[in-house]
Amino acid sequence: MNRRALGAISVAVALTLPWVAVVGATDLLPWVATTVGVGYEAPAALRTLSTLATVILTGLAVLGAAFLLAWAAETAEKDVPQAFAIAVLAVLAVAPEYAVDALYAWNAGVFAGTERGMEAGNLAVANMTGANRILIGLGWAGIALFTIYRSGASTDPAVERRDGFLSDVVVLDREIGLEIVFLLLATLWAFLVPLNGGIDIFDMLFLVGLYVCYIAVILRGEVEPDMDHVGVPAYLQRFSKPARIATVLLLFAYSGVMIFTAVEPFAHGLESLGESVGIPSFFMIQWIAPLASEAPELIVVVYLVNKARSTAGFNALISSKLNQWTLLIGTLVVVHSLALGSYGVLAFDFKQSAEIWLTAAQSFFAISLLIRFEISVKEAVTLLTLFLSQVLLEFALIRELVTLPVSSTDLLLLYSGLYLVLGTALFVRRRRALGSLVRRTAGTVGDAMSTGDDQPHSADD
């Protein structure tokens with residue numbers, strides 16, 4: 001087993017090494033040479049990598065780093081609550097999305113009051129909403145379908161076969177009720193964001209405060225009993241505690257650096273390839289770049305599902321959605337204000353307001369599917385179909401491939417209304433489950449925040 005585990009780690013690291021060599025030769029070595037006062041010039045072949053070569057090298061680095069990140073998170077479950085390990089994984093996996101959005105928010109501050117500044121603000125919102133809708137429309141729906149229909153699904157305790165058309169379900173861990181309620185609170189707040197003319201300090205205080213509260217609660221949780229891990233995590237968990245913690249931190253740090261440095265050129269490379277075949281740049285920034293930045297997270301989740309750890313995979317996806325829907329939105333106004341040199345609202349146009357409402361409405365509908373801690377094939381197909389149909393219809397309108405009696409902005413509002421109607425109907429039908437979930441979560445939060453109770457009750461108490 002030791003040999004197989006070391007072999008797997010070696011392969012994952014080897015996937016990242018070509019990109020390490022490029023970054024080292026083109027960025028690190030020139031900086032070192034300048035610091036010590038010697039001459040150095042990177043090889044021309046590395047300085048002038050083609051777009052396709054960049055996409056391949058960075059894509060391999062993201063793949064290798066995603067596996068290292070997943071192994072680190074699984075290993076960490078021996079020493080910290082699983083929810084916290086997954087939250088760390090989620091933040092690191094989507095760190096590139098933060099970097100891309102922060103860049104646009106910064107430019108919106110630097111060029112405030114100009115057309116370029118407004119465009120940057122619009123791009124920050126477009127990139128953020130695209131990433132969030134991909135995470136649910138492709139992530140939640142796709143992973144649910146993959147979980148049920150993959151080879152060996154019959155051995156996964158999370159898969160429950162039921163009679164009826166498309167009625168098989170993925171049963172989720174009830175402990176994830178905490179994340180669902182916090183995500184619902186963030187979603188309800190998101191509907192209000194456009195009403196103040198942009199993302200402002202109140203959005204930051206509420207959304208970032210919500211995430212800080214969430215982290216405080218899960219940190220007070222109990223470390224789960226040892227799980228029957230296999231492969232690399234089982235091997236690493238046999239290390240002594242100091243060595244195990246050092247290894248986990250090293251894997252988190254290395255995979256985080258790889259993802260952070262590789263995903264942006266990966267996304268930009270895909271943008272360039274898309275633009276070369278006539279796809280509009282704004283569409284690329286909203287969809288292709290976020291899809292690239294979400295790749296590490298989706299790879300990690302597929303890995304977990306393939307190990308029959310479907311509940312952990314869904315936990316990771318929901319945790320990612322929560323941190324993007326709180327930290328990502330809340331910190332954009334901070335970055336914008338720093339670039340501006342004073343406090344300022346990150347403004348955007350009405351089209352981006354509609355994008356936020358649609359993203360919030362999709363989240364509202366998706367949460368209504370999960371409040372009974374399961375998602376069926378039928379529900380996953382509905383979620384996927386609604387997402388894909390909206391994206392494809394909007395693309396067709398932008399490219400003038402079809403003629404509809406509505407504009408692209410009207411289309412966003414129509415889909416927002418559809419999501420809201422469906423979500424409201426499900427919440428009404430499942431109101432008892434919602435009430436039970438809210439009460440259970442309130443108890444968990446109360447226990448965690450109580451100074452007189454060091455061990456919070458489980459979500460089922």
# chains A, B, ... in the order shown; residues from 1 in each chain; ligands from 1

call {"tool": "residues_around", "arguments": {"residues": "Leu69 (chain A)", "least_positions_apart": "4", "cutoff": "9 Å", "atoms": "only C-alpha atoms", "output": "list in words"}}
result
Gly64, Ala65, Ala73, Glu74, Leu89, Leu92, Ala93, Val248, Leu251, Phe252, Ala253, Tyr254, Ser255, Gly256, Pro296 and Val300 of chain A

call {"tool": "residues_around", "arguments": {"residues": "region 342-344 of chain A", "least_positions_apart": "5", "cutoff": "12 Å", "atoms": "only C-alpha atoms", "output": "list of chain:residue names"}}
result
A:Ala105, A:Trp106, A:Ala108, A:Gly109, A:Val110, A:Ala112, A:Gly113, A:Gly121, A:Gly197, A:Gly198, A:Ile199, A:Asp200, A:Ile201, A:Phe202, A:Leu332, A:Val333, A:Val334, A:Val335, A:His336, A:Ser337

call {"tool": "closest_atom_pairs", "arguments": {"of": "region 338-390 of chain A", "to": "region 157-181 of chain A", "cutoff": "9 Å", "atoms": "only C-alpha atoms", "output": "CSV"}}
result
residue,atom,partner,partner_atom,distance
A:Ile367,CA,A:Ile180,CA,6.8
A:Leu370,CA,A:Ile180,CA,7.8
A:Ile371,CA,A:Ile180,CA,7.5
A:Arg372,CA,A:Leu172,CA,8.7
A:Phe373,CA,A:Leu172,CA,4.9
A:Glu374,CA,A:Val171,CA,4.4
A:Ile375,CA,A:Val169,CA,5.4
A:Ser376,CA,A:Val169,CA,4.0
A:Val377,CA,A:Leu166,CA,5.1
A:Lys378,CA,A:Leu166,CA,5.1
A:Glu379,CA,A:Leu166,CA,8.7
A:Val381,CA,A:Leu166,CA,8.9

call {"tool": "residues_around", "arguments": {"residues": "Tyr419 (chain A)", "least_positions_apart": "6", "cutoff": "10 Å", "atoms": "only C-alpha atoms", "output": "PDB file with all heavy atoms, in the first residue's frame"}}
result
ATOM      1  N   LEU A 358     -30.909  36.593 -10.981  1.00  0.00           N
ATOM      2  CA  LEU A 358     -31.014  35.248 -11.531  1.00  0.00           C
ATOM      3  C   LEU A 358     -30.165  34.263 -10.721  1.00  0.00           C
ATOM      4  O   LEU A 358     -30.602  33.143 -10.428  1.00  0.00           O
ATOM      5  CB  LEU A 358     -30.565  35.238 -12.999  1.00  0.00           C
ATOM      6  CG  LEU A 358     -30.501  33.858 -13.672  1.00  0.00           C
ATOM      7  CD1 LEU A 358     -31.849  33.149 -13.583  1.00  0.00           C
ATOM      8  CD2 LEU A 358     -30.055  34.005 -15.116  1.00  0.00           C
ATOM      9  N   THR A 359     -28.957  34.676 -10.347  1.00  0.00           N
ATOM     10  CA  THR A 359     -28.080  33.801  -9.572  1.00  0.00           C
ATOM     11  C   THR A 359     -28.687  33.501  -8.207  1.00  0.00           C
ATOM     12  O   THR A 359     -28.641  32.365  -7.727  1.00  0.00           O
ATOM     13  CB  THR A 359     -26.694  34.453  -9.403  1.00  0.00           C
ATOM     14  OG1 THR A 359     -26.192  34.839 -10.685  1.00  0.00           O
ATOM     15  CG2 THR A 359     -25.711  33.491  -8.758  1.00  0.00           C
ATOM     16  N   ALA A 360     -29.271  34.531  -7.576  1.00  0.00           N
ATOM     17  CA  ALA A 360     -29.935  34.325  -6.282  1.00  0.00           C
ATOM     18  C   ALA A 360     -31.155  33.421  -6.439  1.00  0.00           C
ATOM     19  O   ALA A 360     -31.411  32.548  -5.591  1.00  0.00           O
ATOM     20  CB  ALA A 360     -30.333  35.673  -5.688  1.00  0.00           C
ATOM     21  N   ALA A 361     -31.919  33.614  -7.518  1.00  0.00           N
ATOM     22  CA  ALA A 361     -33.114  32.795  -7.745  1.00  0.00           C
ATOM     23  C   ALA A 361     -32.738  31.337  -7.993  1.00  0.00           C
ATOM     24  O   ALA A 361     -33.407  30.425  -7.497  1.00  0.00           O
ATOM     25  CB  ALA A 361     -33.907  33.355  -8.928  1.00  0.00           C
ATOM     26  N   GLN A 362     -31.662  31.111  -8.747  1.00  0.00           N
ATOM     27  CA  GLN A 362     -31.204  29.732  -8.977  1.00  0.00           C
ATOM     28  C   GLN A 362     -30.796  29.085  -7.655  1.00  0.00           C
ATOM     29  O   GLN A 362     -31.113  27.922  -7.380  1.00  0.00           O
ATOM     30  CB  GLN A 362     -30.025  29.716  -9.952  1.00  0.00           C
ATOM     31  CG  GLN A 362     -29.545  28.315 -10.302  1.00  0.00           C
ATOM     32  CD  GLN A 362     -28.068  28.279 -10.646  1.00  0.00           C
ATOM     33  OE1 GLN A 362     -27.244  28.929 -10.003  1.00  0.00           O
ATOM     34  NE2 GLN A 362     -27.718  27.528 -11.682  1.00  0.00           N
ATOM     35  N   SER A 363     -30.070  29.847  -6.830  1.00  0.00           N
ATOM     36  CA  SER A 363     -29.659  29.348  -5.518  1.00  0.00           C
ATOM     37  C   SER A 363     -30.873  29.036  -4.652  1.00  0.00           C
ATOM     38  O   SER A 363     -30.916  28.005  -3.962  1.00  0.00           O
ATOM     39  CB  SER A 363     -28.763  30.392  -4.835  1.00  0.00           C
ATOM     40  OG  SER A 363     -28.357  29.959  -3.572  1.00  0.00           O
ATOM     41  N   PHE A 364     -31.869  29.901  -4.683  1.00  0.00           N
ATOM     42  CA  PHE A 364     -33.110  29.712  -3.918  1.00  0.00           C
ATOM     43  C   PHE A 364     -33.790  28.402  -4.324  1.00  0.00           C
ATOM     44  O   PHE A 364     -34.202  27.602  -3.471  1.00  0.00           O
ATOM     45  CB  PHE A 364     -34.032  30.906  -4.186  1.00  0.00           C
ATOM     46  CG  PHE A 364     -35.342  30.878  -3.463  1.00  0.00           C
ATOM     47  CD1 PHE A 364     -35.421  31.193  -2.110  1.00  0.00           C
ATOM     48  CD2 PHE A 364     -36.514  30.558  -4.141  1.00  0.00           C
ATOM     49  CE1 PHE A 364     -36.647  31.174  -1.443  1.00  0.00           C
ATOM     50  CE2 PHE A 364     -37.741  30.538  -3.483  1.00  0.00           C
ATOM     51  CZ  PHE A 364     -37.800  30.846  -2.134  1.00  0.00           C
ATOM     52  N   PHE A 365     -33.887  28.162  -5.629  1.00  0.00           N
ATOM     53  CA  PHE A 365     -34.506  26.933  -6.124  1.00  0.00           C
ATOM     54  C   PHE A 365     -33.672  25.713  -5.736  1.00  0.00           C
ATOM     55  O   PHE A 365     -34.216  24.692  -5.285  1.00  0.00           O
ATOM     56  CB  PHE A 365     -34.666  27.010  -7.639  1.00  0.00           C
ATOM     57  CG  PHE A 365     -35.113  25.721  -8.271  1.00  0.00           C
ATOM     58  CD1 PHE A 365     -36.324  25.131  -7.927  1.00  0.00           C
ATOM     59  CD2 PHE A 365     -34.319  25.082  -9.221  1.00  0.00           C
ATOM     60  CE1 PHE A 365     -36.741  23.934  -8.506  1.00  0.00           C
ATOM     61  CE2 PHE A 365     -34.727  23.897  -9.813  1.00  0.00           C
ATOM     62  CZ  PHE A 365     -35.930  23.319  -9.444  1.00  0.00           C
ATOM     63  N   ALA A 366     -32.346  25.812  -5.881  1.00  0.00           N
ATOM     64  CA  ALA A 366     -31.475  24.674  -5.576  1.00  0.00           C
ATOM     65  C   ALA A 366     -31.556  24.295  -4.098  1.00  0.00           C
ATOM     66  O   ALA A 366     -31.565  23.111  -3.746  1.00  0.00           O
ATOM     67  CB  ALA A 366     -30.038  25.006  -5.957  1.00  0.00           C
ATOM     68  N   LEU A 383     -32.556  20.960 -12.770  1.00  0.00           N
ATOM     69  CA  LEU A 383     -31.567  21.984 -12.449  1.00  0.00           C
ATOM     70  C   LEU A 383     -30.596  22.184 -13.603  1.00  0.00           C
ATOM     71  O   LEU A 383     -30.288  23.315 -13.999  1.00  0.00           O
ATOM     72  CB  LEU A 383     -30.814  21.564 -11.182  1.00  0.00           C
ATOM     73  CG  LEU A 383     -30.019  22.614 -10.412  1.00  0.00           C
ATOM     74  CD1 LEU A 383     -30.896  23.784  -9.992  1.00  0.00           C
ATOM     75  CD2 LEU A 383     -29.354  21.964  -9.201  1.00  0.00           C
ATOM     76  N   LEU A 386     -32.485  23.771 -16.794  1.00  0.00           N
ATOM     77  CA  LEU A 386     -32.740  25.207 -16.634  1.00  0.00           C
ATOM     78  C   LEU A 386     -31.455  26.008 -16.824  1.00  0.00           C
ATOM     79  O   LEU A 386     -31.455  27.049 -17.492  1.00  0.00           O
ATOM     80  CB  LEU A 386     -33.337  25.482 -15.247  1.00  0.00           C
ATOM     81  CG  LEU A 386     -34.802  25.085 -15.047  1.00  0.00           C
ATOM     82  CD1 LEU A 386     -35.197  25.216 -13.582  1.00  0.00           C
ATOM     83  CD2 LEU A 386     -35.712  25.935 -15.922  1.00  0.00           C
ATOM     84  N   LEU A 413     -34.506  37.990 -16.396  1.00  0.00           N
ATOM     85  CA  LEU A 413     -35.592  38.239 -15.450  1.00  0.00           C
ATOM     86  C   LEU A 413     -36.667  37.149 -15.537  1.00  0.00           C
ATOM     87  O   LEU A 413     -37.232  36.739 -14.516  1.00  0.00           O
ATOM     88  CB  LEU A 413     -36.205  39.613 -15.713  1.00  0.00           C
ATOM     89  CG  LEU A 413     -35.259  40.811 -15.483  1.00  0.00           C
ATOM     90  CD1 LEU A 413     -35.939  42.104 -15.893  1.00  0.00           C
ATOM     91  CD2 LEU A 413     -34.809  40.875 -14.029  1.00  0.00           C
ATOM     92  N   ALA A 425     -42.778  27.121  -4.549  1.00  0.00           N
ATOM     93  CA  ALA A 425     -43.702  25.986  -4.501  1.00  0.00           C
ATOM     94  C   ALA A 425     -43.109  24.829  -3.694  1.00  0.00           C
ATOM     95  O   ALA A 425     -43.805  24.194  -2.888  1.00  0.00           O
ATOM     96  CB  ALA A 425     -44.032  25.527  -5.923  1.00  0.00           C
TER      97      ALA A 425
END

call {"tool": "residues_around", "arguments": {"residues": "region 395-402 of chain A", "least_positions_apart": "3", "cutoff": "10 Å", "atoms": "only C-alpha atoms", "output": "list in words"}}
result
Gly278, Ile279, Pro280, Phe283, Ser389, Gln390, Val391, Leu392, Val406, Ser407, Ser408 and Leu411 of chain A

call {"tool": "residues_around", "arguments": {"residues": "Leu317 (chain A)", "least_positions_apart": "6", "cutoff": "12 Å", "atoms": "only C-alpha atoms", "output": "PyMOL selection string"}}
result
chain A and resi 83+86-87+89-91+93-94+132+134-144+176+179-180+183+294-302+304-305+310-311+323-324

call {"tool": "atom_distance", "arguments": {"atom1": "CA of Gln237 (chain A)", "atom2": "CA of Pro18 (chain A)"}}
result
28.9 Å

call {"tool": "closest_residue", "arguments": {"among": "A:Val23, A:Ala131, A:Ile245, A:Val55", "to": "Leu270 (chain A)", "atoms": "only C-alpha atoms"}}
result
A:Val55

call {"tool": "closest_residue", "arguments": {"among": "A:Thr403, A:Ser50, A:Thr114, A:Ser293", "to": "Val62 (chain A)", "atoms": "only C-alpha atoms"}}
result
A:Ser293

call {"tool": "closest_residue", "arguments": {"among": "A:Leu273, A:Ala72, A:Leu185, A:Ile215", "to": "Leu249 (chain A)", "atoms": "only C-alpha atoms"}}
result
A:Ala72

call {"tool": "closest_residue", "arguments": {"among": "A:Leu57, A:Leu210, A:Ala102, A:Ala70", "to": "Leu338 (chain A)", "atoms": "only C-alpha atoms"}}
result
A:Ala102

call {"tool": "select_by_dssp", "arguments": {"residues": "region 271-390 of chain A", "states": "helix (DSSP H, G or I)", "output": "PyMOL selection string"}}
result
chain A and resi 271-276+281-293+295-306+310-340+350-370+377-390

call {"tool": "atom_distance", "arguments": {"atom1": "CA of Ala61 (chain A)", "atom2": "CA of Leu15 (chain A)"}}
result
5.5 Å

call {"tool": "atom_distance", "arguments": {"atom1": "CA of Val208 (chain A)", "atom2": "CA of Thr331 (chain A)"}}
result
7.5 Å

call {"tool": "residues_around", "arguments": {"residues": "Leu123 (chain A)", "least_positions_apart": "3", "cutoff": "9 Å", "atoms": "only C-alpha atoms", "output": "list of chain:residue names"}}
result
A:Asp101, A:Tyr104, A:Ala105, A:Met118, A:Glu119, A:Ala120, A:Ala126, A:Asn127, A:Met128, A:Phe282, A:Ile285, A:Gln286, A:Phe348, A:Gln352

call {"tool": "write_last_selection", "arguments": {"atoms": "N, CA, C and O atoms", "output": "JSON list (two decimals), in the first residue's frame"}}
result
[["chain", "number", "residue", "atom", "x", "y", "z"],
["A", 101, "ASP", "N", -11.84, 37.95, -9.84],
["A", 101, "ASP", "CA", -12.83, 38.96, -9.48],
["A", 101, "ASP", "C", -12.19, 40.16, -8.80],
["A", 101, "ASP", "O", -12.62, 41.30, -9.00],
["A", 104, "TYR", "N", -10.80, 42.60, -11.38],
["A", 104, "TYR", "CA", -11.82, 43.46, -12.00],
["A", 104, "TYR", "C", -12.32, 44.52, -11.00],
["A", 104, "TYR", "O", -12.54, 45.67, -11.37],
["A", 105, "ALA", "N", -12.51, 44.12, -9.73],
["A", 105, "ALA", "CA", -12.96, 45.09, -8.72],
["A", 105, "ALA", "C", -11.90, 46.17, -8.51],
["A", 105, "ALA", "O", -12.24, 47.35, -8.31],
["A", 118, "MET", "N", -16.60, 51.41, -15.20],
["A", 118, "MET", "CA", -17.92, 50.78, -15.17],
["A", 118, "MET", "C", -17.88, 49.40, -15.79],
["A", 118, "MET", "O", -18.49, 48.45, -15.28],
["A", 119, "GLU", "N", -17.13, 49.27, -16.89],
["A", 119, "GLU", "CA", -17.02, 47.96, -17.54],
["A", 119, "GLU", "C", -16.35, 46.96, -16.61],
["A", 119, "GLU", "O", -16.76, 45.80, -16.52],
["A", 120, "ALA", "N", -15.31, 47.40, -15.87],
["A", 120, "ALA", "CA", -14.63, 46.51, -14.93],
["A", 120, "ALA", "C", -15.58, 46.06, -13.83],
["A", 120, "ALA", "O", -15.58, 44.90, -13.42],
["A", 126, "ALA", "N", -20.23, 39.89, -13.50],
["A", 126, "ALA", "CA", -20.48, 38.83, -14.48],
["A", 126, "ALA", "C", -19.66, 37.58, -14.17],
["A", 126, "ALA", "O", -20.17, 36.45, -14.22],
["A", 127, "ASN", "N", -18.40, 37.77, -13.83],
["A", 127, "ASN", "CA", -17.54, 36.64, -13.51],
["A", 127, "ASN", "C", -18.02, 35.93, -12.25],
["A", 127, "ASN", "O", -18.05, 34.70, -12.17],
["A", 128, "MET", "N", -18.42, 36.72, -11.25],
["A", 128, "MET", "CA", -18.90, 36.15, -9.98],
["A", 128, "MET", "C", -20.21, 35.40, -10.16],
["A", 128, "MET", "O", -20.37, 34.28, -9.67],
["A", 282, "PHE", "N", -17.08, 39.02, -23.57],
["A", 282, "PHE", "CA", -17.87, 39.13, -22.35],
["A", 282, "PHE", "C", -18.45, 37.78, -21.96],
["A", 282, "PHE", "O", -18.47, 37.42, -20.77],
["A", 285, "ILE", "N", -15.72, 35.69, -20.43],
["A", 285, "ILE", "CA", -15.38, 36.08, -19.06],
["A", 285, "ILE", "C", -16.44, 35.60, -18.08],
["A", 285, "ILE", "O", -16.12, 35.23, -16.94],
["A", 286, "GLN", "N", -17.69, 35.59, -18.50],
["A", 286, "GLN", "CA", -18.75, 35.16, -17.60],
["A", 286, "GLN", "C", -18.83, 33.65, -17.46],
["A", 286, "GLN", "O", -19.17, 33.15, -16.38],
["A", 348, "PHE", "N", -22.62, 48.75, -10.80],
["A", 348, "PHE", "CA", -22.76, 47.96, -12.02],
["A", 348, "PHE", "C", -24.08, 48.36, -12.67],
["A", 348, "PHE", "O", -24.92, 49.03, -12.06],
["A", 352, "GLN", "N", -26.35, 43.63, -14.99],
["A", 352, "GLN", "CA", -25.69, 42.86, -13.94],
["A", 352, "GLN", "C", -26.59, 42.71, -12.71],
["A", 352, "GLN", "O", -26.49, 41.73, -11.98]]

call {"tool": "residues_around", "arguments": {"residues": "Asp410 (chain A)", "least_positions_apart": "5", "cutoff": "12 Å", "atoms": "only C-alpha atoms", "output": "list in words"}}
result
Phe350, Lys351, Gln352, Ser353, Ala354, Glu355, Trp357, Leu358, Gln390, Leu393, Glu394, Leu397, Leu404, Pro405, Tyr415, Ser416 and Gly417 of chain A

call {"tool": "write_last_selection", "arguments": {"atoms": "N, CA, C and O atoms", "output": "PDB file, in the first residue's frame"}}
result
ATOM      1  N   PHE A 350     -27.784  47.750 -14.998  1.00  0.00           N
ATOM      2  CA  PHE A 350     -28.998  46.987 -14.711  1.00  0.00           C
ATOM      3  C   PHE A 350     -28.891  45.539 -15.199  1.00  0.00           C
ATOM      4  O   PHE A 350     -29.460  44.631 -14.594  1.00  0.00           O
ATOM      5  N   LYS A 351     -28.150  45.331 -16.288  1.00  0.00           N
ATOM      6  CA  LYS A 351     -27.981  43.954 -16.778  1.00  0.00           C
ATOM      7  C   LYS A 351     -27.333  43.089 -15.706  1.00  0.00           C
ATOM      8  O   LYS A 351     -27.737  41.929 -15.486  1.00  0.00           O
ATOM      9  N   GLN A 352     -26.350  43.634 -14.991  1.00  0.00           N
ATOM     10  CA  GLN A 352     -25.693  42.859 -13.942  1.00  0.00           C
ATOM     11  C   GLN A 352     -26.593  42.711 -12.708  1.00  0.00           C
ATOM     12  O   GLN A 352     -26.487  41.734 -11.976  1.00  0.00           O
ATOM     13  N   SER A 353     -27.480  43.673 -12.491  1.00  0.00           N
ATOM     14  CA  SER A 353     -28.486  43.501 -11.432  1.00  0.00           C
ATOM     15  C   SER A 353     -29.350  42.277 -11.739  1.00  0.00           C
ATOM     16  O   SER A 353     -29.633  41.453 -10.858  1.00  0.00           O
ATOM     17  N   ALA A 354     -29.744  42.162 -12.998  1.00  0.00           N
ATOM     18  CA  ALA A 354     -30.544  41.003 -13.414  1.00  0.00           C
ATOM     19  C   ALA A 354     -29.741  39.711 -13.262  1.00  0.00           C
ATOM     20  O   ALA A 354     -30.296  38.663 -12.904  1.00  0.00           O
ATOM     21  N   GLU A 355     -28.436  39.766 -13.537  1.00  0.00           N
ATOM     22  CA  GLU A 355     -27.580  38.586 -13.365  1.00  0.00           C
ATOM     23  C   GLU A 355     -27.553  38.159 -11.893  1.00  0.00           C
ATOM     24  O   GLU A 355     -27.611  36.963 -11.575  1.00  0.00           O
ATOM     25  N   TRP A 357     -29.886  38.808  -9.579  1.00  0.00           N
ATOM     26  CA  TRP A 357     -31.200  38.264  -9.228  1.00  0.00           C
ATOM     27  C   TRP A 357     -31.376  36.842  -9.757  1.00  0.00           C
ATOM     28  O   TRP A 357     -31.928  35.983  -9.066  1.00  0.00           O
ATOM     29  N   LEU A 358     -30.909  36.593 -10.981  1.00  0.00           N
ATOM     30  CA  LEU A 358     -31.014  35.248 -11.531  1.00  0.00           C
ATOM     31  C   LEU A 358     -30.165  34.263 -10.721  1.00  0.00           C
ATOM     32  O   LEU A 358     -30.602  33.143 -10.428  1.00  0.00           O
ATOM     33  N   GLN A 390     -30.842  28.439 -20.304  1.00  0.00           N
ATOM     34  CA  GLN A 390     -30.663  29.894 -20.158  1.00  0.00           C
ATOM     35  C   GLN A 390     -29.363  30.351 -20.802  1.00  0.00           C
ATOM     36  O   GLN A 390     -29.330  31.342 -21.540  1.00  0.00           O
ATOM     37  N   LEU A 393     -29.619  29.960 -24.672  1.00  0.00           N
ATOM     38  CA  LEU A 393     -30.532  30.950 -25.248  1.00  0.00           C
ATOM     39  C   LEU A 393     -29.907  32.350 -25.245  1.00  0.00           C
ATOM     40  O   LEU A 393     -30.016  33.095 -26.225  1.00  0.00           O
ATOM     41  N   GLU A 394     -29.244  32.687 -24.138  1.00  0.00           N
ATOM     42  CA  GLU A 394     -28.604  34.007 -24.075  1.00  0.00           C
ATOM     43  C   GLU A 394     -27.497  34.113 -25.113  1.00  0.00           C
ATOM     44  O   GLU A 394     -27.341  35.143 -25.773  1.00  0.00           O
ATOM     45  N   LEU A 397     -29.025  34.656 -28.484  1.00  0.00           N
ATOM     46  CA  LEU A 397     -29.507  36.030 -28.633  1.00  0.00           C
ATOM     47  C   LEU A 397     -28.355  36.984 -28.897  1.00  0.00           C
ATOM     48  O   LEU A 397     -28.436  37.856 -29.771  1.00  0.00           O
ATOM     49  N   LEU A 404     -36.039  36.456 -30.607  1.00  0.00           N
ATOM     50  CA  LEU A 404     -37.067  36.286 -29.588  1.00  0.00           C
ATOM     51  C   LEU A 404     -37.698  37.638 -29.286  1.00  0.00           C
ATOM     52  O   LEU A 404     -37.065  38.683 -29.491  1.00  0.00           O
ATOM     53  N   PRO A 405     -38.926  37.645 -28.795  1.00  0.00           N
ATOM     54  CA  PRO A 405     -39.589  38.924 -28.493  1.00  0.00           C
ATOM     55  C   PRO A 405     -39.099  39.570 -27.196  1.00  0.00           C
ATOM     56  O   PRO A 405     -39.747  40.481 -26.687  1.00  0.00           O
ATOM     57  N   TYR A 415     -36.196  33.977 -16.395  1.00  0.00           N
ATOM     58  CA  TYR A 415     -35.674  32.782 -15.736  1.00  0.00           C
ATOM     59  C   TYR A 415     -35.643  32.973 -14.222  1.00  0.00           C
ATOM     60  O   TYR A 415     -35.871  32.020 -13.463  1.00  0.00           O
ATOM     61  N   SER A 416     -35.352  34.202 -13.772  1.00  0.00           N
ATOM     62  CA  SER A 416     -35.379  34.475 -12.330  1.00  0.00           C
ATOM     63  C   SER A 416     -36.767  34.196 -11.772  1.00  0.00           C
ATOM     64  O   SER A 416     -36.917  33.550 -10.716  1.00  0.00           O
ATOM     65  N   GLY A 417     -37.795  34.665 -12.482  1.00  0.00           N
ATOM     66  CA  GLY A 417     -39.167  34.428 -12.047  1.00  0.00           C
ATOM     67  C   GLY A 417     -39.506  32.951 -12.026  1.00  0.00           C
ATOM     68  O   GLY A 417     -40.172  32.461 -11.092  1.00  0.00           O
TER      69      GLY A 417
END

call {"tool": "decode", "arguments": {"residues": "region 241-275 of chain A", "atoms": "C-alpha atoms", "output": "PDB file, in the first residue's frame"}}
result
ATOM      1  CA  LYS A 241       0.504  13.669  14.605  1.00  0.00           C
ATOM      2  CA  PRO A 242       3.250  16.329  14.134  1.00  0.00           C
ATOM      3  CA  ALA A 243       4.378  14.742  10.844  1.00  0.00           C
ATOM      4  CA  ARG A 244       0.775  14.330   9.688  1.00  0.00           C
ATOM      5  CA  ILE A 245      -0.113  17.954  10.396  1.00  0.00           C
ATOM      6  CA  ALA A 246       3.077  19.172   8.680  1.00  0.00           C
ATOM      7  CA  THR A 247       2.305  17.010   5.640  1.00  0.00           C
ATOM      8  CA  VAL A 248      -1.282  18.286   5.420  1.00  0.00           C
ATOM      9  CA  LEU A 249      -0.128  21.910   5.663  1.00  0.00           C
ATOM     10  CA  LEU A 250       2.532  21.291   2.998  1.00  0.00           C
ATOM     11  CA  LEU A 251       0.010  19.687   0.637  1.00  0.00           C
ATOM     12  CA  PHE A 252      -2.508  22.483   1.219  1.00  0.00           C
ATOM     13  CA  ALA A 253       0.165  25.133   0.614  1.00  0.00           C
ATOM     14  CA  TYR A 254       1.685  23.508  -2.480  1.00  0.00           C
ATOM     15  CA  SER A 255      -1.634  22.684  -4.133  1.00  0.00           C
ATOM     16  CA  GLY A 256      -2.962  26.156  -3.263  1.00  0.00           C
ATOM     17  CA  VAL A 257       0.047  27.847  -4.896  1.00  0.00           C
ATOM     18  CA  MET A 258      -0.266  25.628  -7.966  1.00  0.00           C
ATOM     19  CA  ILE A 259      -3.972  26.341  -8.361  1.00  0.00           C
ATOM     20  CA  PHE A 260      -3.514  30.064  -7.723  1.00  0.00           C
ATOM     21  CA  THR A 261      -0.727  30.437 -10.296  1.00  0.00           C
ATOM     22  CA  ALA A 262      -2.081  28.064 -12.944  1.00  0.00           C
ATOM     23  CA  VAL A 263      -5.800  28.755 -13.153  1.00  0.00           C
ATOM     24  CA  GLU A 264      -5.603  32.387 -14.299  1.00  0.00           C
ATOM     25  CA  PRO A 265      -3.415  31.630 -17.365  1.00  0.00           C
ATOM     26  CA  PHE A 266      -5.517  28.517 -17.917  1.00  0.00           C
ATOM     27  CA  ALA A 267      -8.686  30.626 -17.947  1.00  0.00           C
ATOM     28  CA  HIS A 268      -7.157  33.351 -20.110  1.00  0.00           C
ATOM     29  CA  GLY A 269      -5.839  30.725 -22.508  1.00  0.00           C
ATOM     30  CA  LEU A 270      -9.304  29.261 -22.875  1.00  0.00           C
ATOM     31  CA  GLU A 271     -10.689  32.780 -23.380  1.00  0.00           C
ATOM     32  CA  SER A 272      -8.197  33.401 -26.181  1.00  0.00           C
ATOM     33  CA  LEU A 273      -8.992  30.084 -27.834  1.00  0.00           C
ATOM     34  CA  GLY A 274     -12.710  30.854 -27.597  1.00  0.00           C
ATOM     35  CA  GLU A 275     -12.336  34.367 -28.996  1.00  0.00           C
TER      36      GLU A 275
END
